[in-house]
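This report refers to the structure that appears directly beneath it.
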Amino acid sequence: ARGSEARAAQALGVSQPAVHGALQALQQALGLRLFYKSAQGTRLTPPGQTLLRRAKLAFAELRAIAGDVAAWRGEVRGRVVVGVLPLSVALFLPRAVESLLREHPNVEVQVVDGTYESLVQQLLSADVDVIAGALRAEAPPAEVRQLKLFEDELAVVARRGHPALALASPSLRALLAWEWVVPLPGTPAAAALRLAFEREGLQPPPGRLRASSPALTQAFTLQTGHLALASRAQTLAEADGAAAIVPVPLPGTARHIGLALRGTGEPAPELQRFVEHCAAAVAAVLPAVAIDKPAAPRL
């Protein structure tokens, strides 16, 4: 997983020959080739990748046992690695993490971002414990369990004072008069934008400026006057009100926002608490939204 025997040895605090000997012994014991050398370093074969994934899952279960033992003693401790998808997550995740850390000072939270596909692979390999963001409508892998927290939809947003907000009857055709920050190709938001314009018989805004980061998209919107797509709920909840929603309908953009967890095994106590704090944060921000009740903590 480190890409070379030298880096693996450094991470383990042992010598490179010791790592090489251990890998050779493992290959001989299994009767399989687990890795090969390339110009880019040491690479795993398909059996090697499968073995690594199984080993990571096993270590994740061992960490869960340590969390169980702590919970039996009345403590919640451990680490939760959260994979974050763009849009809607900022509405509840900071509040949830803050309340979790305040209530359980021995819990550590690590937040990483990425594409849905890459984060699912990390989830299934136990590099990530949970994914927060837009859930996929299509059936996820059998090993993935999805928990809906609330429903959100996309909206066209502009900075306060933008001329588009003064239109008497705004339409998608009229909004083509301004520059846009458009989502990256292949993302659900890009597909939603394209479909919304196609329903009106229009070509979507040209992709002269594309961004996947909600923070950068918002910065361009506020500083340059570009229009963009954003979470309707998150825009309405922003305290400063620097951005406003252009009242033009975007049918078909509703999405379930929630959490994706590994479907195999029981979540560790610290992960159970994280799920509960996410649900509580959503209930505090969007009290009128129906929330799926998370599983009771396993103590």
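Following the order of the structure tokens, first chain is A, next is B, and so on, with residues numbered from 1 inside each chain and ligands from 1 in the order they appear.
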
*If you run DSSP on this backbone, which residues of stretch 169-277 of chain A come out as alpha helix (DSSP H), and could you give them as an NGL selection string?*
:A and (172-175 or 188-199 or 214-224 or 232-237 or 269-277)

*Could you give me the residues within stretch 92-284 of chain A that DSSP places in strand (DSSP E), as a PyMOL selection string?*
chain A and resi 107-113+130-134+144-152+154-159+180-181+227-231+243-245+255-262

Could the residues of stretch 120-161 of chain A that have an atom at most 12 Å from stretch 212-228 of chain A be listed as a Markdown table, each with its closest atom pair and the distance in Å to one decimal, counting only C-alpha atoms and ordered by chain and ascending residue number?
```
| residue | atom | partner | partner_atom | distance |
| --- | --- | --- | --- | --- |
| A:Leu154 | CA | A:Ala228 | CA | 9.8 |
| A:Ala155 | CA | A:Ala228 | CA | 8.2 |
| A:Val156 | CA | A:Ala228 | CA | 5.7 |
| A:Val157 | CA | A:Ala228 | CA | 5.5 |
| A:Ala158 | CA | A:Leu227 | CA | 5.2 |
| A:Arg159 | CA | A:Leu222 | CA | 5.1 |
| A:Arg160 | CA | A:Leu222 | CA | 8.1 |
| A:Gly161 | CA | A:Gly225 | CA | 9.4 |
```

*asked:* For a quick check of understanding, using only C-alpha atoms, which of A:Glu151, A:Glu108, A:Glu103, A:Glu200 has the smallest distance to A:Pro249?
replied: A:Glu200

Fewer than 3 positions away in the same chain doesn't count, so skip those; otherwise give me all residues within 12 Å of A:Val84, counting only C-alpha atoms, as an mmCIF file with N, CA, C and O atoms, in the first residue's frame.
```cif
data_model
loop_
_atom_site.group_PDB
_atom_site.id
_atom_site.type_symbol
_atom_site.label_atom_id
_atom_site.label_comp_id
_atom_site.auth_asym_id
_atom_site.auth_seq_id
_atom_site.Cartn_x
_atom_site.Cartn_y
_atom_site.Cartn_z
ATOM 1 N N VAL A 81 -12.986 8.043 10.388
ATOM 2 C CA VAL A 81 -12.529 8.672 9.145
ATOM 3 C C VAL A 81 -13.748 8.886 8.261
ATOM 4 O O VAL A 81 -14.423 7.921 7.885
ATOM 5 N N LEU A 87 -21.369 19.386 -1.844
ATOM 6 C CA LEU A 87 -22.757 19.843 -1.748
ATOM 7 C C LEU A 87 -23.498 19.255 -0.540
ATOM 8 O O LEU A 87 -23.401 18.053 -0.272
ATOM 9 N N SER A 88 -24.178 20.106 0.176
ATOM 10 C CA SER A 88 -25.101 19.775 1.266
ATOM 11 C C SER A 88 -24.412 19.344 2.560
ATOM 12 O O SER A 88 -24.998 19.490 3.633
ATOM 13 N N VAL A 89 -23.195 18.821 2.504
ATOM 14 C CA VAL A 89 -22.566 18.271 3.709
ATOM 15 C C VAL A 89 -22.257 19.362 4.731
ATOM 16 O O VAL A 89 -22.383 19.138 5.942
ATOM 17 N N ALA A 90 -21.861 20.549 4.260
ATOM 18 C CA ALA A 90 -21.519 21.627 5.196
ATOM 19 C C ALA A 90 -22.713 22.048 6.038
ATOM 20 O O ALA A 90 -22.545 22.693 7.078
ATOM 21 N N PHE A 92 -24.591 20.147 7.854
ATOM 22 C CA PHE A 92 -24.711 19.423 9.126
ATOM 23 C C PHE A 92 -23.400 18.870 9.667
ATOM 24 O O PHE A 92 -23.285 18.659 10.881
ATOM 25 N N LEU A 93 -22.411 18.625 8.796
ATOM 26 C CA LEU A 93 -21.222 17.906 9.258
ATOM 27 C C LEU A 93 -20.413 18.688 10.297
ATOM 28 O O LEU A 93 -20.027 18.102 11.322
ATOM 29 N N PRO A 94 -20.101 19.981 10.110
ATOM 30 C CA PRO A 94 -19.326 20.672 11.152
ATOM 31 C C PRO A 94 -20.014 20.653 12.509
ATOM 32 O O PRO A 94 -19.375 20.420 13.538
ATOM 33 N N GLN A 110 -11.250 12.326 11.417
ATOM 34 C CA GLN A 110 -10.433 12.701 10.262
ATOM 35 C C GLN A 110 -11.356 12.831 9.052
ATOM 36 O O GLN A 110 -12.132 11.916 8.754
ATOM 37 N N VAL A 111 -11.300 13.964 8.351
ATOM 38 C CA VAL A 111 -12.178 14.235 7.219
ATOM 39 C C VAL A 111 -11.352 14.274 5.939
ATOM 40 O O VAL A 111 -10.354 14.993 5.865
ATOM 41 N N VAL A 112 -11.772 13.491 4.943
ATOM 42 C CA VAL A 112 -11.106 13.469 3.642
ATOM 43 C C VAL A 112 -12.176 13.643 2.569
ATOM 44 O O VAL A 112 -13.352 13.362 2.795
ATOM 45 N N ASP A 113 -11.777 14.139 1.403
ATOM 46 C CA ASP A 113 -12.749 14.276 0.325
ATOM 47 C C ASP A 113 -12.303 13.459 -0.878
ATOM 48 O O ASP A 113 -11.197 12.926 -0.915
ATOM 49 N N GLY A 114 -13.172 13.354 -1.851
ATOM 50 C CA GLY A 114 -12.871 12.570 -3.044
ATOM 51 C C GLY A 114 -14.121 12.355 -3.859
ATOM 52 O O GLY A 114 -15.210 12.825 -3.494
ATOM 53 N N THR A 115 -13.981 11.643 -4.957
ATOM 54 C CA THR A 115 -15.145 11.299 -5.759
ATOM 55 C C THR A 115 -15.916 10.162 -5.092
ATOM 56 O O THR A 115 -15.380 9.452 -4.234
ATOM 57 N N TYR A 116 -17.156 9.988 -5.498
ATOM 58 C CA TYR A 116 -17.973 8.916 -4.920
ATOM 59 C C TYR A 116 -17.312 7.561 -5.149
ATOM 60 O O TYR A 116 -17.222 6.742 -4.227
ATOM 61 N N GLU A 117 -16.840 7.327 -6.371
ATOM 62 C CA GLU A 117 -16.253 6.026 -6.697
ATOM 63 C C GLU A 117 -15.018 5.755 -5.853
ATOM 64 O O GLU A 117 -14.844 4.652 -5.318
ATOM 65 N N SER A 118 -14.144 6.756 -5.718
ATOM 66 C CA SER A 118 -12.916 6.538 -4.944
ATOM 67 C C SER A 118 -13.232 6.355 -3.461
ATOM 68 O O SER A 118 -12.602 5.519 -2.780
ATOM 69 N N LEU A 119 -14.199 7.097 -2.942
ATOM 70 C CA LEU A 119 -14.527 6.970 -1.524
ATOM 71 C C LEU A 119 -15.192 5.640 -1.218
ATOM 72 O O LEU A 119 -14.973 5.065 -0.146
ATOM 73 N N VAL A 120 -16.000 5.123 -2.151
ATOM 74 C CA VAL A 120 -16.605 3.801 -1.925
ATOM 75 C C VAL A 120 -15.519 2.738 -1.848
ATOM 76 O O VAL A 120 -15.573 1.838 -0.990
ATOM 77 N N GLN A 122 -12.477 3.188 -0.859
ATOM 78 C CA GLN A 122 -11.816 3.364 0.436
ATOM 79 C C GLN A 122 -12.693 2.857 1.575
ATOM 80 O O GLN A 122 -12.187 2.318 2.564
ATOM 81 N N LEU A 123 -14.009 3.027 1.439
ATOM 82 C CA LEU A 123 -14.932 2.505 2.456
ATOM 83 C C LEU A 123 -14.849 0.987 2.525
ATOM 84 O O LEU A 123 -14.765 0.403 3.610
ATOM 85 N N VAL A 128 -11.720 4.330 4.937
ATOM 86 C CA VAL A 128 -12.736 5.305 5.333
ATOM 87 C C VAL A 128 -13.814 4.543 6.090
ATOM 88 O O VAL A 128 -14.145 3.411 5.731
ATOM 89 N N ASP A 129 -14.346 5.144 7.143
ATOM 90 C CA ASP A 129 -15.368 4.474 7.956
ATOM 91 C C ASP A 129 -16.782 4.808 7.510
ATOM 92 O O ASP A 129 -17.701 3.999 7.685
ATOM 93 N N VAL A 130 -16.985 5.992 6.948
ATOM 94 C CA VAL A 130 -18.321 6.433 6.573
ATOM 95 C C VAL A 130 -18.179 7.511 5.498
ATOM 96 O O VAL A 130 -17.209 8.267 5.492
ATOM 97 N N ILE A 131 -19.140 7.564 4.581
ATOM 98 C CA ILE A 131 -19.191 8.602 3.555
ATOM 99 C C ILE A 131 -20.395 9.485 3.844
ATOM 100 O O ILE A 131 -21.500 8.986 4.093
ATOM 101 N N ALA A 132 -20.197 10.805 3.822
ATOM 102 C CA ALA A 132 -21.274 11.765 4.048
ATOM 103 C C ALA A 132 -21.511 12.546 2.767
ATOM 104 O O ALA A 132 -20.565 13.037 2.151
ATOM 105 N N GLY A 133 -22.784 12.631 2.365
ATOM 106 C CA GLY A 133 -23.095 13.395 1.160
ATOM 107 C C GLY A 133 -24.310 12.853 0.455
ATOM 108 O O GLY A 133 -25.160 12.187 1.061
ATOM 109 N N ALA A 134 -24.391 13.138 -0.848
ATOM 110 C CA ALA A 134 -25.540 12.716 -1.641
ATOM 111 C C ALA A 134 -25.493 11.214 -1.864
ATOM 112 O O ALA A 134 -24.497 10.670 -2.364
ATOM 113 N N LEU A 135 -26.556 10.530 -1.479
ATOM 114 C CA LEU A 135 -26.655 9.092 -1.681
ATOM 115 C C LEU A 135 -27.001 8.809 -3.143
ATOM 116 O O LEU A 135 -27.631 9.620 -3.815
ATOM 117 N N SER A 213 -15.329 21.892 -6.065
ATOM 118 C CA SER A 213 -15.296 22.306 -4.666
ATOM 119 C C SER A 213 -16.406 23.303 -4.380
ATOM 120 O O SER A 213 -16.467 24.368 -5.002
ATOM 121 N N PRO A 214 -17.316 23.001 -3.431
ATOM 122 C CA PRO A 214 -18.348 23.972 -3.080
ATOM 123 C C PRO A 214 -17.772 25.290 -2.589
ATOM 124 O O PRO A 214 -18.328 26.358 -2.868
ATOM 125 N N ILE A 257 -29.738 13.040 1.020
ATOM 126 C CA ILE A 257 -28.451 13.323 1.648
ATOM 127 C C ILE A 257 -28.342 12.464 2.899
ATOM 128 O O ILE A 257 -29.296 12.359 3.678
ATOM 129 N N GLY A 258 -27.203 11.842 3.080
ATOM 130 C CA GLY A 258 -27.073 10.982 4.251
ATOM 131 C C GLY A 258 -25.696 10.387 4.376
ATOM 132 O O GLY A 258 -24.693 11.001 3.975
ATOM 133 N N LEU A 259 -25.656 9.185 4.912
ATOM 134 C CA LEU A 259 -24.405 8.507 5.225
ATOM 135 C C LEU A 259 -24.380 7.135 4.569
ATOM 136 O O LEU A 259 -25.412 6.472 4.475
ATOM 137 N N ALA A 260 -23.215 6.732 4.122
ATOM 138 C CA ALA A 260 -22.999 5.383 3.601
ATOM 139 C C ALA A 260 -21.961 4.697 4.481
ATOM 140 O O ALA A 260 -20.891 5.257 4.742
#
```

_Counting only C-alpha atoms, the residue of A:Gln121, A:Arg255, A:Val182, A:Thr45 that sits nearest A:Leu149_ =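 The shortest atom-to-atom distance to A:Leu149 comes from A:Arg255.
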
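Considering the residues A:Ser99, A:Asn106, A:Thr50, A:Gln24 and counting only C-alpha atoms, A:Arg79 has its shortest atom-to-atom contact with A:Asn106.
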
*Compile the contact shell of A:Ala174 as a PyMOL selection string: residues with an atom at most 10 Å away, counting only C-alpha atoms, same-chain residues fewer than 5 positions apart removed.*
chain A and resi 164+167+169

*If you count only C-alpha atoms, which residues fall within 12 Å of A:Pro206, apart from same-chain ones fewer than 5 positions away, as a count of residues only?*
14

*One decimal, Å: what's the distance from atom CA of A:Val144 over to atom CA of A:Val109, could you say?*
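Going from atom CA of A:Val144 over to atom CA of A:Val109, I get 20.7 Å.
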
*Using only C-alpha atoms, which residues sit within 7 Å of A:Gln16 once same-chain residues fewer than 6 positions away are excluded, as a list in words?*
Glu5, Ala6 and Ala9 of chain A

Go ahead and write the residues just picked, N, CA, C and O atoms, as a PDB file, in the first residue's frame.
```pdb
ATOM      1  N   GLU A   5       9.003  -1.028  -0.891  1.00  0.00           N
ATOM      2  CA  GLU A   5       9.436  -1.705   0.329  1.00  0.00           C
ATOM      3  C   GLU A   5      10.130  -0.723   1.265  1.00  0.00           C
ATOM      4  O   GLU A   5      10.001  -0.819   2.486  1.00  0.00           O
ATOM      5  N   ALA A   6      10.884   0.227   0.695  1.00  0.00           N
ATOM      6  CA  ALA A   6      11.602   1.192   1.525  1.00  0.00           C
ATOM      7  C   ALA A   6      10.632   2.052   2.324  1.00  0.00           C
ATOM      8  O   ALA A   6      10.828   2.283   3.528  1.00  0.00           O
ATOM      9  N   ALA A   9       9.016  -0.023   5.010  1.00  0.00           N
ATOM     10  CA  ALA A   9       9.949  -0.241   6.116  1.00  0.00           C
ATOM     11  C   ALA A   9      10.039   0.987   7.007  1.00  0.00           C
ATOM     12  O   ALA A   9      10.068   0.893   8.239  1.00  0.00           O
TER      13      ALA A   9
END
```
